[in-house]
$ cat work-v2.csv   # CSV, C-alpha atoms and all ligand atoms
chain,number,residue,atom,x,y,z
A,105,MET,CA,-17.6,23.1,-41.8
A,106,ARG,CA,-19.8,21.0,-39.5
A,107,LYS,CA,-18.3,17.8,-40.8
A,108,ARG,CA,-14.9,19.1,-40.1
A,109,TYR,CA,-15.7,20.1,-36.5
A,110,PHE,CA,-17.2,16.6,-36.1
A,111,ILE,CA,-14.0,15.0,-37.2
A,112,ILE,CA,-11.9,17.3,-35.0
A,113,THR,CA,-14.1,16.4,-32.0
A,114,ILE,CA,-13.7,12.7,-32.7
A,115,ILE,CA,-9.9,13.0,-33.0
A,116,PHE,CA,-9.9,15.1,-29.7
A,117,LEU,CA,-12.0,12.5,-27.9
A,118,PHE,CA,-9.7,9.7,-29.2
A,119,LEU,CA,-6.5,11.5,-28.1
A,120,THR,CA,-7.8,12.4,-24.6
A,121,SER,CA,-9.2,8.9,-23.9
A,122,ALA,CA,-5.8,7.5,-24.9
A,123,ALA,CA,-3.9,10.0,-22.7
A,124,PHE,CA,-6.2,9.6,-19.7
A,125,PRO,CA,-7.5,6.0,-19.6
A,126,GLN,CA,-11.0,6.0,-18.1
A,127,GLY,CA,-11.1,3.8,-15.0
A,128,ASN,CA,-14.2,2.2,-13.8
A,129,ALA,CA,-13.6,2.2,-10.1
A,130,GLU,CA,-15.9,4.5,-8.0
A,131,ASN,CA,-14.0,3.7,-4.8
A,132,ILE,CA,-10.3,3.1,-4.3
A,133,PHE,CA,-8.8,1.6,-1.2
A,134,ILE,CA,-5.0,1.9,-0.9
A,135,ILE,CA,-3.4,-0.3,1.7
A,136,THR,CA,0.3,-0.5,2.5
A,137,THR,CA,2.5,-2.6,4.8
A,138,ASP,CA,5.8,-0.9,5.7
A,139,GLY,CA,9.1,-2.3,4.3
A,140,PHE,CA,7.7,-5.7,3.3
A,141,ARG,CA,10.1,-7.4,0.9
A,142,TRP,CA,9.3,-8.6,-2.6
A,143,GLN,CA,11.4,-11.7,-1.7
A,144,GLU,CA,8.6,-13.0,0.7
A,145,MET,CA,5.8,-11.6,-1.5
A,146,PHE,CA,6.9,-13.8,-4.4
A,147,GLY,CA,8.9,-16.5,-2.6
A,148,GLY,CA,7.2,-16.9,0.8
A,149,MET,CA,9.2,-17.6,3.9
A,150,ASP,CA,13.0,-17.7,3.3
A,151,SER,CA,14.4,-20.9,4.9
A,152,VAL,CA,17.9,-19.5,5.2
A,153,ILE,CA,16.7,-16.6,7.4
A,154,ALA,CA,14.2,-18.8,9.2
A,155,ASN,CA,16.8,-21.3,10.2
A,156,GLN,CA,19.1,-18.8,11.9
A,157,GLN,CA,18.6,-18.8,15.7
A,158,LYS,CA,19.3,-15.0,15.9
A,159,PHE,CA,16.2,-14.4,13.7
A,160,ASN,CA,13.7,-17.2,14.4
A,161,GLN,CA,13.1,-16.3,18.0
A,162,GLY,CA,13.7,-20.0,19.1
A,163,ASP,CA,10.5,-21.0,17.2
A,164,SER,CA,11.7,-22.4,13.9
A,165,SER,CA,9.5,-25.6,14.2
A,166,ASN,CA,6.4,-23.5,14.5
A,167,ILE,CA,7.2,-21.1,11.6
A,168,PHE,CA,8.2,-24.0,9.3
A,169,LYS,CA,4.9,-25.7,10.1
A,170,LYS,CA,2.9,-22.6,9.5
A,171,TYR,CA,4.7,-21.1,6.5
A,172,TRP,CA,7.0,-23.7,4.8
A,173,ALA,CA,6.4,-25.7,1.6
A,174,ASP,CA,9.1,-26.9,-0.8
A,175,ASP,CA,7.4,-25.4,-3.8
A,176,ALA,CA,7.6,-21.5,-3.9
A,177,ASP,CA,4.1,-21.2,-5.2
A,178,ALA,CA,2.6,-23.2,-2.4
A,179,ARG,CA,4.9,-21.5,0.1
A,180,ARG,CA,3.8,-17.9,-0.8
A,181,LYS,CA,0.2,-19.0,-0.6
A,182,LYS,CA,0.7,-20.2,2.9
A,183,LEU,CA,2.1,-16.8,4.0
A,184,LEU,CA,-0.3,-14.7,1.8
A,185,PRO,CA,-3.4,-16.7,0.9
A,186,PHE,CA,-5.7,-13.8,0.0
A,187,ILE,CA,-3.1,-12.0,-2.0
A,188,TRP,CA,-2.3,-15.1,-4.1
A,189,ASN,CA,-5.7,-16.6,-4.3
A,190,THR,CA,-7.6,-13.4,-5.0
A,191,ILE,CA,-5.3,-10.5,-6.3
A,192,GLY,CA,-3.0,-13.1,-7.9
A,193,VAL,CA,-6.0,-14.6,-9.8
A,194,LYS,CA,-8.5,-11.7,-10.3
A,195,GLY,CA,-6.0,-8.8,-10.4
A,196,GLN,CA,-2.4,-8.1,-11.1
A,197,LEU,CA,0.8,-8.4,-9.0
A,198,TYR,CA,4.0,-6.6,-10.0
A,199,GLY,CA,7.6,-6.9,-8.8
A,200,ASN,CA,8.8,-10.5,-9.2
A,201,ARG,CA,12.4,-9.9,-10.1
A,202,TYR,CA,12.9,-13.6,-10.9
A,203,PHE,CA,11.1,-12.7,-14.1
A,204,GLU,CA,12.8,-9.3,-14.5
A,205,ASN,CA,9.5,-7.7,-13.6
A,206,LYS,CA,10.9,-4.7,-11.7
A,207,VAL,CA,9.3,-2.1,-9.4
A,208,ASP,CA,11.6,0.4,-7.7
A,209,ASN,CA,11.8,3.5,-5.6
A,210,ALA,CA,12.7,6.5,-7.8
A,211,ASN,CA,13.9,8.3,-4.7
A,212,PRO,CA,17.5,7.7,-3.7
A,213,PHE,CA,16.8,7.2,0.1
A,214,TRP,CA,14.9,3.9,0.4
A,215,PHE,CA,13.2,4.7,3.7
A,216,SER,CA,9.7,5.7,4.7
A,217,TYR,CA,8.8,9.4,4.4
A,218,PRO,CA,10.5,9.7,1.0
A,219,GLY,CA,8.7,6.5,-0.1
A,220,TYR,CA,5.2,7.5,1.1
A,221,ASN,CA,5.6,10.9,-0.4
A,222,GLU,CA,6.6,9.2,-3.7
A,223,ILE,CA,3.5,6.9,-3.6
A,224,PHE,CA,1.0,9.7,-2.9
A,225,CYS,CA,2.5,12.7,-4.7
A,226,GLY,CA,3.9,11.0,-7.8
A,227,TYR,CA,7.2,12.7,-7.3
A,228,ALA,CA,10.5,11.6,-5.9
A,229,ASP,CA,11.2,14.8,-4.0
A,230,THR,CA,14.9,14.8,-2.9
A,231,ALA,CA,14.2,17.6,-0.5
A,232,ILE,CA,12.3,15.1,1.6
A,233,ASN,CA,15.4,13.3,3.0
A,234,THR,CA,14.4,12.5,6.6
A,235,ASN,CA,11.5,10.8,8.4
A,236,ASP,CA,11.4,14.0,10.6
A,237,TYR,CA,10.5,16.1,7.6
A,238,PRO,CA,7.7,18.6,8.5
A,239,ASN,CA,4.3,18.9,6.8
A,240,ASN,CA,4.6,17.7,3.2
A,241,PRO,CA,4.7,20.7,0.8
A,242,ASN,CA,3.5,18.4,-2.1
A,243,THR,CA,-0.1,17.6,-2.8
A,244,THR,CA,-1.1,14.0,-2.3
A,245,VAL,CA,-3.5,12.2,-4.7
A,246,LEU,CA,-5.7,11.7,-1.6
A,247,GLU,CA,-6.0,15.5,-1.3
A,248,PHE,CA,-6.6,15.8,-5.0
A,249,PHE,CA,-9.5,13.3,-4.7
A,250,ASN,CA,-10.9,15.3,-1.8
A,251,HIS,CA,-11.0,18.4,-4.0
A,252,GLN,CA,-13.2,16.6,-6.7
A,253,PRO,CA,-16.9,17.1,-6.1
A,254,LYS,CA,-17.6,13.4,-6.3
A,255,TYR,CA,-15.1,12.6,-3.5
A,256,LYS,CA,-15.4,15.6,-1.3
A,257,ASN,CA,-15.5,14.5,2.4
A,258,LYS,CA,-15.4,10.9,1.2
A,259,VAL,CA,-11.6,10.5,1.9
A,260,ALA,CA,-10.0,9.1,5.0
A,261,ALA,CA,-6.6,7.8,6.2
A,262,PHE,CA,-5.7,5.4,9.1
A,263,ALA,CA,-2.1,4.8,9.9
A,264,ALA,CA,-0.1,3.1,12.6
A,265,TRP,CA,2.8,5.6,12.3
A,266,GLU,CA,2.4,9.2,13.6
A,267,ALA,CA,4.5,10.6,10.7
A,268,PHE,CA,1.4,10.3,8.5
A,269,ASN,CA,0.0,13.5,10.1
A,270,ARG,CA,2.9,15.2,8.3
A,271,ILE,CA,3.2,13.0,5.2
A,272,LEU,CA,-0.5,13.6,4.3
A,273,ASN,CA,-0.3,17.1,5.7
A,274,GLU,CA,-3.2,16.8,8.1
A,275,PRO,CA,-3.5,20.5,8.9
A,276,ARG,CA,-4.1,21.3,5.2
A,277,CYS,CA,-5.5,18.1,3.6
A,278,GLY,CA,-9.1,18.5,4.6
A,279,PHE,CA,-9.8,14.8,5.4
A,280,PRO,CA,-9.3,12.8,8.6
A,281,VAL,CA,-5.9,11.3,9.3
A,282,VAL,CA,-6.1,9.0,12.3
A,283,ALA,CA,-2.5,8.1,13.1
A,284,ALA,CA,-0.8,6.2,15.9
A,285,TYR,CA,-2.4,7.1,19.2
A,286,ASP,CA,-5.0,9.5,17.8
A,287,ALA,CA,-8.5,8.6,19.0
A,288,THR,CA,-10.9,7.3,16.4
A,289,GLY,CA,-14.6,8.2,15.9
A,290,GLY,CA,-14.3,12.0,15.8
A,291,GLU,CA,-16.8,13.9,18.0
A,292,ALA,CA,-19.2,11.0,18.4
A,293,PRO,CA,-17.4,7.7,18.7
A,294,ASN,CA,-19.7,4.7,18.8
A,295,ALA,CA,-19.4,1.9,21.4
A,296,LYS,CA,-16.8,0.0,19.3
A,297,GLU,CA,-14.8,3.1,18.8
A,298,GLN,CA,-14.9,4.0,22.5
A,299,LEU,CA,-13.6,0.6,23.3
A,300,LEU,CA,-10.8,0.9,20.7
A,301,ASN,CA,-9.9,4.3,22.1
A,302,ALA,CA,-9.7,3.0,25.7
A,303,MET,CA,-7.6,0.0,24.6
A,304,LEU,CA,-5.3,2.3,22.6
A,305,ASP,CA,-4.8,4.5,25.7
A,306,ASP,CA,-3.9,1.5,27.9
A,307,THR,CA,-1.9,-0.7,25.5
A,308,TYR,CA,1.7,-1.8,25.5
A,309,ARG,CA,3.7,0.6,23.4
A,310,PRO,CA,6.6,-1.3,21.8
A,311,TRP,CA,7.6,1.8,19.8
A,312,GLY,CA,6.8,4.6,22.2
A,313,GLU,CA,4.4,7.2,21.1
A,314,SER,CA,5.4,7.2,17.4
A,315,GLU,CA,3.6,4.0,16.3
A,316,CYS,CA,0.8,1.7,17.6
A,317,LEU,CA,0.3,-2.0,17.0
A,318,ASP,CA,-1.4,-2.6,13.6
A,319,VAL,CA,-4.4,-4.2,15.2
A,320,PHE,CA,-5.7,-0.8,16.5
A,321,THR,CA,-5.3,0.9,13.1
A,322,HIS,CA,-7.0,-2.0,11.3
A,323,TYR,CA,-10.1,-2.1,13.5
A,324,ALA,CA,-10.4,1.7,13.6
A,325,ALA,CA,-10.3,1.8,9.8
A,326,LEU,CA,-12.7,-1.1,9.4
A,327,GLU,CA,-15.3,0.5,11.8
A,328,TYR,CA,-14.9,3.8,9.9
A,329,LEU,CA,-15.5,2.0,6.6
A,330,LYS,CA,-18.7,0.4,7.9
A,331,LYS,CA,-19.9,3.6,9.6
A,332,GLU,CA,-18.9,6.5,7.2
A,333,ARG,CA,-18.6,4.7,3.9
A,334,PRO,CA,-15.6,6.5,2.4
A,335,LYS,CA,-14.9,6.3,-1.3
A,336,ILE,CA,-11.2,6.8,-1.0
A,337,LEU,CA,-9.6,5.0,2.0
A,338,TYR,CA,-6.0,4.6,2.9
A,339,ILE,CA,-4.8,2.1,5.6
A,340,SER,CA,-1.1,2.0,6.6
A,341,TYR,CA,0.3,-0.9,8.6
A,342,GLY,CA,3.7,-0.6,10.1
A,343,GLU,CA,4.7,-3.9,11.9
A,344,THR,CA,6.4,-5.6,9.1
A,345,ASP,CA,9.1,-2.9,9.2
A,346,GLU,CA,9.4,-2.7,13.0
A,347,TRP,CA,9.8,-6.5,13.5
A,348,ALA,CA,12.3,-6.6,10.6
A,349,HIS,CA,14.4,-3.9,12.2
A,350,ALA,CA,14.3,-5.9,15.5
A,351,GLY,CA,15.5,-9.0,13.6
A,352,LYS,CA,12.4,-10.9,14.6
A,353,TYR,CA,11.6,-12.9,11.5
A,354,LYS,CA,8.8,-14.9,13.1
A,355,ASN,CA,7.0,-11.7,14.1
A,356,TYR,CA,7.7,-10.2,10.6
A,357,LEU,CA,6.1,-13.2,8.9
A,358,ASP,CA,3.1,-13.1,11.3
A,359,ALA,CA,2.6,-9.4,10.7
A,360,ALA,CA,2.6,-10.1,6.9
A,361,ASN,CA,0.2,-13.0,7.4
A,362,ARG,CA,-2.1,-10.7,9.4
A,363,PHE,CA,-1.9,-8.0,6.7
A,364,ASP,CA,-3.1,-10.6,4.2
A,365,LYS,CA,-5.9,-11.7,6.5
A,366,TRP,CA,-7.1,-8.1,7.0
A,367,LEU,CA,-7.0,-7.5,3.2
A,368,ASP,CA,-9.3,-10.5,3.0
A,369,ASP,CA,-11.6,-9.0,5.7
A,370,ILE,CA,-11.8,-5.7,3.8
A,371,TRP,CA,-12.3,-7.4,0.4
A,372,SER,CA,-15.1,-9.6,1.8
A,373,PHE,CA,-16.8,-6.5,3.2
A,374,ILE,CA,-16.5,-4.8,-0.2
A,375,GLN,CA,-18.0,-7.8,-2.0
A,376,HIS,CA,-20.9,-8.1,0.4
A,377,THR,CA,-21.8,-4.4,0.4
A,378,PRO,CA,-23.8,-3.3,-2.7
A,379,GLU,CA,-22.4,0.3,-2.9
A,380,TYR,CA,-18.8,-1.2,-3.0
A,381,LYS,CA,-19.3,-4.5,-4.7
A,382,ASP,CA,-17.7,-4.5,-8.2
A,383,ARG,CA,-17.1,-0.8,-7.9
A,384,THR,CA,-14.0,-0.7,-5.7
A,385,ALA,CA,-10.4,-1.1,-6.6
A,386,LEU,CA,-7.8,-2.2,-4.1
A,387,PHE,CA,-4.2,-1.0,-4.5
A,388,ILE,CA,-1.6,-2.6,-2.2
A,389,THR,CA,2.1,-1.8,-1.9
A,390,THR,CA,5.0,-0.9,0.3
A,391,ASP,CA,7.2,2.2,0.8
A,392,HIS,CA,10.6,0.6,0.3
A,393,GLY,CA,12.4,-2.8,0.2
A,394,ARG,CA,15.1,-4.3,2.4
A,395,GLY,CA,18.4,-5.9,2.0
A,396,ASP,CA,19.0,-9.6,1.2
A,397,ILE,CA,22.8,-10.0,0.9
A,398,ASP,CA,24.1,-13.0,2.9
A,399,LYS,CA,20.6,-13.1,4.5
A,400,SER,CA,21.9,-10.8,7.2
A,401,LYS,CA,20.8,-7.5,5.6
A,402,TRP,CA,17.1,-8.4,5.4
A,403,THR,CA,16.5,-6.5,8.6
A,404,ASP,CA,17.6,-3.2,7.2
A,405,HIS,CA,17.0,-0.6,4.5
A,406,GLY,CA,18.2,2.8,3.4
A,407,SER,CA,20.6,4.0,0.7
A,408,SER,CA,23.5,2.1,2.2
A,409,VAL,CA,21.7,-1.2,2.0
A,410,PRO,CA,22.0,-2.8,-1.5
A,411,ASP,CA,18.6,-3.7,-3.1
A,412,ALA,CA,16.5,-1.8,-0.6
A,413,HIS,CA,14.9,0.1,-3.5
A,414,GLU,CA,13.3,-3.0,-4.8
A,415,ILE,CA,9.5,-3.1,-4.1
A,416,TRP,CA,6.2,-4.6,-5.4
A,417,PHE,CA,2.6,-3.7,-5.8
A,418,GLY,CA,-0.8,-5.3,-6.5
A,419,VAL,CA,-4.1,-4.1,-7.9
A,420,VAL,CA,-7.5,-5.6,-8.3
A,421,GLY,CA,-10.9,-4.2,-9.2
A,422,PRO,CA,-13.1,-2.9,-12.0
A,423,GLY,CA,-11.1,-2.0,-15.1
A,424,VAL,CA,-8.2,-4.2,-14.0
A,425,SER,CA,-8.0,-7.4,-16.1
A,426,ALA,CA,-7.1,-10.8,-14.5
A,427,LYS,CA,-3.4,-10.9,-15.6
A,428,GLY,CA,-2.3,-12.4,-12.3
A,429,GLU,CA,1.4,-12.4,-11.6
A,430,MET,CA,3.2,-10.3,-14.1
A,431,LYS,CA,6.0,-12.3,-15.7
A,432,ASN,CA,7.2,-9.9,-18.4
A,433,ASN,CA,10.5,-8.0,-18.4
A,434,MET,CA,9.5,-4.4,-17.4
A,435,GLN,CA,10.5,-1.6,-15.2
A,436,VAL,CA,8.2,0.8,-13.4
A,437,TYR,CA,8.7,3.2,-10.5
A,438,GLN,CA,6.9,4.1,-7.3
A,439,ASN,CA,6.4,7.7,-8.5
A,440,GLN,CA,3.9,6.3,-11.1
A,441,PHE,CA,1.6,5.0,-8.4
A,442,ALA,CA,-0.2,8.3,-7.7
A,443,GLN,CA,-1.3,8.8,-11.3
A,444,THR,CA,-2.1,5.1,-11.6
A,445,ILE,CA,-4.4,5.4,-8.6
A,446,ALA,CA,-6.1,8.5,-10.1
A,447,SER,CA,-6.5,6.7,-13.4
A,448,LEU,CA,-8.3,3.7,-11.7
A,449,ALA,CA,-11.1,6.2,-11.1
A,450,GLY,CA,-10.8,7.8,-14.6
A,451,LEU,CA,-9.2,10.9,-13.2
A,452,HIS,CA,-6.0,12.7,-14.2
A,453,PHE,CA,-4.0,13.8,-11.1
A,454,THR,CA,-2.6,17.4,-11.4
A,455,ALA,CA,-0.6,19.1,-8.7
A,456,ASN,CA,2.0,21.8,-8.3
A,457,GLN,CA,4.8,19.3,-8.1
A,458,PRO,CA,5.7,17.2,-11.3
A,459,VAL,CA,3.6,14.0,-11.4
A,460,ALA,CA,5.0,10.9,-13.1
A,461,GLU,CA,2.8,9.1,-15.7
A,462,ALA,CA,0.4,6.2,-14.9
A,463,ILE,CA,1.6,2.6,-15.3
A,464,LYS,CA,0.3,1.7,-18.8
A,465,GLU,CA,0.4,-2.1,-18.3
A,466,ILE,CA,-2.6,-1.9,-15.9
A,467,LYS,CA,-5.8,-2.4,-18.0
A,501,ZN,ZN,12.3,1.0,8.6

$ encode --input "work-v2.csv" --output "structure tokens" --more "lines below"
Ligand SMILES: [Zn+2]
Amino acid sequence: MRKRYFIITIIFLFLTSAAFPQGNAENIFIITTDGFRWQEMFGGMDSVIANQQKFNQGDSSNIFKKYWADDADARRKKLLPFIWNTIGVKGQLYGNRYFENKVDNANPFWFSYPGYNEIFCGYADTAINTNDYPNNPNTTVLEFFNHQPKYKNKVAAFAAWEAFNRILNEPRCGFPVVAAYDATGGEAPNAKEQLLNAMLDDTYRPWGESECLDVFTHYAALEYLKKERPKILYISYGETDEWAHAGKYKNYLDAANRFDKWLDDIWSFIQHTPEYKDRTALFITTDHGRGDIDKSKWTDHGSSVPDAHEIWFGVVGPGVSAKGEMKNNMQVYQNQFAQTIASLAGLHFTANQPVAEAIKEIK
């Protein structure tokens, strides 16, 4: 009898470990830049767009100098040096459709709230069909983490866009959501946070009250990281989407280039801080794609814009092998990200809504 129980236990352990791959990451940082296209992620600056006067803001010589190279590999490294020299070497990058490596929205809308809900809840909820949708009824993987003893009060989110108060359900979620013009630093902001808050009060507001410039979100998040040492951190940048809507390709490229530089800053903090070094996974992605047809549709997205469901993601950290750019023919969906993020920490995300399975290629 004992031997039989032993065998059953071994079989059970084998099955559960196969179903829930044990991740090695103790900390997970999720960082998104809104509506950034896979075309620039994998191909760098698009010269057809950059050459058009209506898009280049009269500054084509500068952007060509800064971001152009004849070879696509050299070109994307000029735009996104950290992503290509670090995540593209030590981690994995998905979504290069030139190799039929496909990552897509599962939701049919191809705009922000449905996309972020899909990223964090693992579910393409068709009831969420507007950016004005109220507090998210679904449970995010961030909230799930905050309910685990190891991660309780070790979760935080910083976002340029105010909608994240609703997307992450700030009244319910139990962790801080610092969005748009929310002050940072809580009850006792330090000197840096006080300065950030004063600047945030007085800054130019290109998008009214709904969204701040990314620089405020970045430095608020970075200071929180140094001060509070969260284990699960989400940072959401928005300028790539805003400048694209405005048709300002130069600003769009500069915003993407800054996103890359800030990833580098965060990664170097991780690698120089013992509690994070070699224990932290970075997951980067976007909420939706944009158009590409005739190079006029790059500014827009939504279900009426062909190809705006085409996205990308990258991951680096413990338990993630150095496969680099994925060049195999495969198809995954954004609703798989939430379970994938949980699996990086060896957890299995459960919620009231259905949650899609983790991406099995990541190991
Ligand atoms: Zn948009």

$ residues_around --input "work-v2.csv" --residues "A:Arg201" --least-positions-apart "2" --cutoff "12 Å" --atoms "all atoms listed in the file" --output "VMD selection string"
chain A and resid 141 to 147 197 to 199 203 to 208 411 414 to 416 429 to 436

$ atom_distance --input "work-v2.csv" --atom1 "atom CA of A:Glu222" --atom2 "atom CA of A:Asn439"
5.0 Å

$ residues_around --input "work-v2.csv" --residues "stretch 257-265 of chain A" --least-positions-apart "2" --cutoff "8 Å" --atoms "only C-alpha atoms" --output "ChimeraX atom specification"
/A:246,249-250,255,267-268,278-284,314-318,320-322,324-325,333-342

$ write_last_selection --input "work-v2.csv" --atoms "C-alpha atoms" --output "mmCIF file, keeping the file's coordinate frame"
data_model
loop_
_atom_site.group_PDB
_atom_site.id
_atom_site.type_symbol
_atom_site.label_atom_id
_atom_site.label_comp_id
_atom_site.auth_asym_id
_atom_site.auth_seq_id
_atom_site.Cartn_x
_atom_site.Cartn_y
_atom_site.Cartn_z
ATOM 1 C CA LEU A 246 -5.700 11.700 -1.600
ATOM 2 C CA PHE A 249 -9.500 13.300 -4.700
ATOM 3 C CA ASN A 250 -10.900 15.300 -1.800
ATOM 4 C CA TYR A 255 -15.100 12.600 -3.500
ATOM 5 C CA ALA A 267 4.500 10.600 10.700
ATOM 6 C CA PHE A 268 1.400 10.300 8.500
ATOM 7 C CA GLY A 278 -9.100 18.500 4.600
ATOM 8 C CA PHE A 279 -9.800 14.800 5.400
ATOM 9 C CA PRO A 280 -9.300 12.800 8.600
ATOM 10 C CA VAL A 281 -5.900 11.300 9.300
ATOM 11 C CA VAL A 282 -6.100 9.000 12.300
ATOM 12 C CA ALA A 283 -2.500 8.100 13.100
ATOM 13 C CA ALA A 284 -0.800 6.200 15.900
ATOM 14 C CA SER A 314 5.400 7.200 17.400
ATOM 15 C CA GLU A 315 3.600 4.000 16.300
ATOM 16 C CA CYS A 316 0.800 1.700 17.600
ATOM 17 C CA LEU A 317 0.300 -2.000 17.000
ATOM 18 C CA ASP A 318 -1.400 -2.600 13.600
ATOM 19 C CA PHE A 320 -5.700 -0.800 16.500
ATOM 20 C CA THR A 321 -5.300 0.900 13.100
ATOM 21 C CA HIS A 322 -7.000 -2.000 11.300
ATOM 22 C CA ALA A 324 -10.400 1.700 13.600
ATOM 23 C CA ALA A 325 -10.300 1.800 9.800
ATOM 24 C CA ARG A 333 -18.600 4.700 3.900
ATOM 25 C CA PRO A 334 -15.600 6.500 2.400
ATOM 26 C CA LYS A 335 -14.900 6.300 -1.300
ATOM 27 C CA ILE A 336 -11.200 6.800 -1.000
ATOM 28 C CA LEU A 337 -9.600 5.000 2.000
ATOM 29 C CA TYR A 338 -6.000 4.600 2.900
ATOM 30 C CA ILE A 339 -4.800 2.100 5.600
ATOM 31 C CA SER A 340 -1.100 2.000 6.600
ATOM 32 C CA TYR A 341 0.300 -0.900 8.600
ATOM 33 C CA GLY A 342 3.700 -0.600 10.100
#

$ residues_near_ligand --input "work-v2.csv" --ligand "ligand ZN 501 (chain A)" --cutoff "8 Å" --atoms "all atoms listed in the file" --output "MDAnalysis selection string"
chainID A and resid 138:139 215:216 345:346 348:349 404:405

$ atom_distance --input "work-v2.csv" --atom1 "atom CA of A:Lys464" --atom2 "atom CA of A:Thr444"
8.3 Å
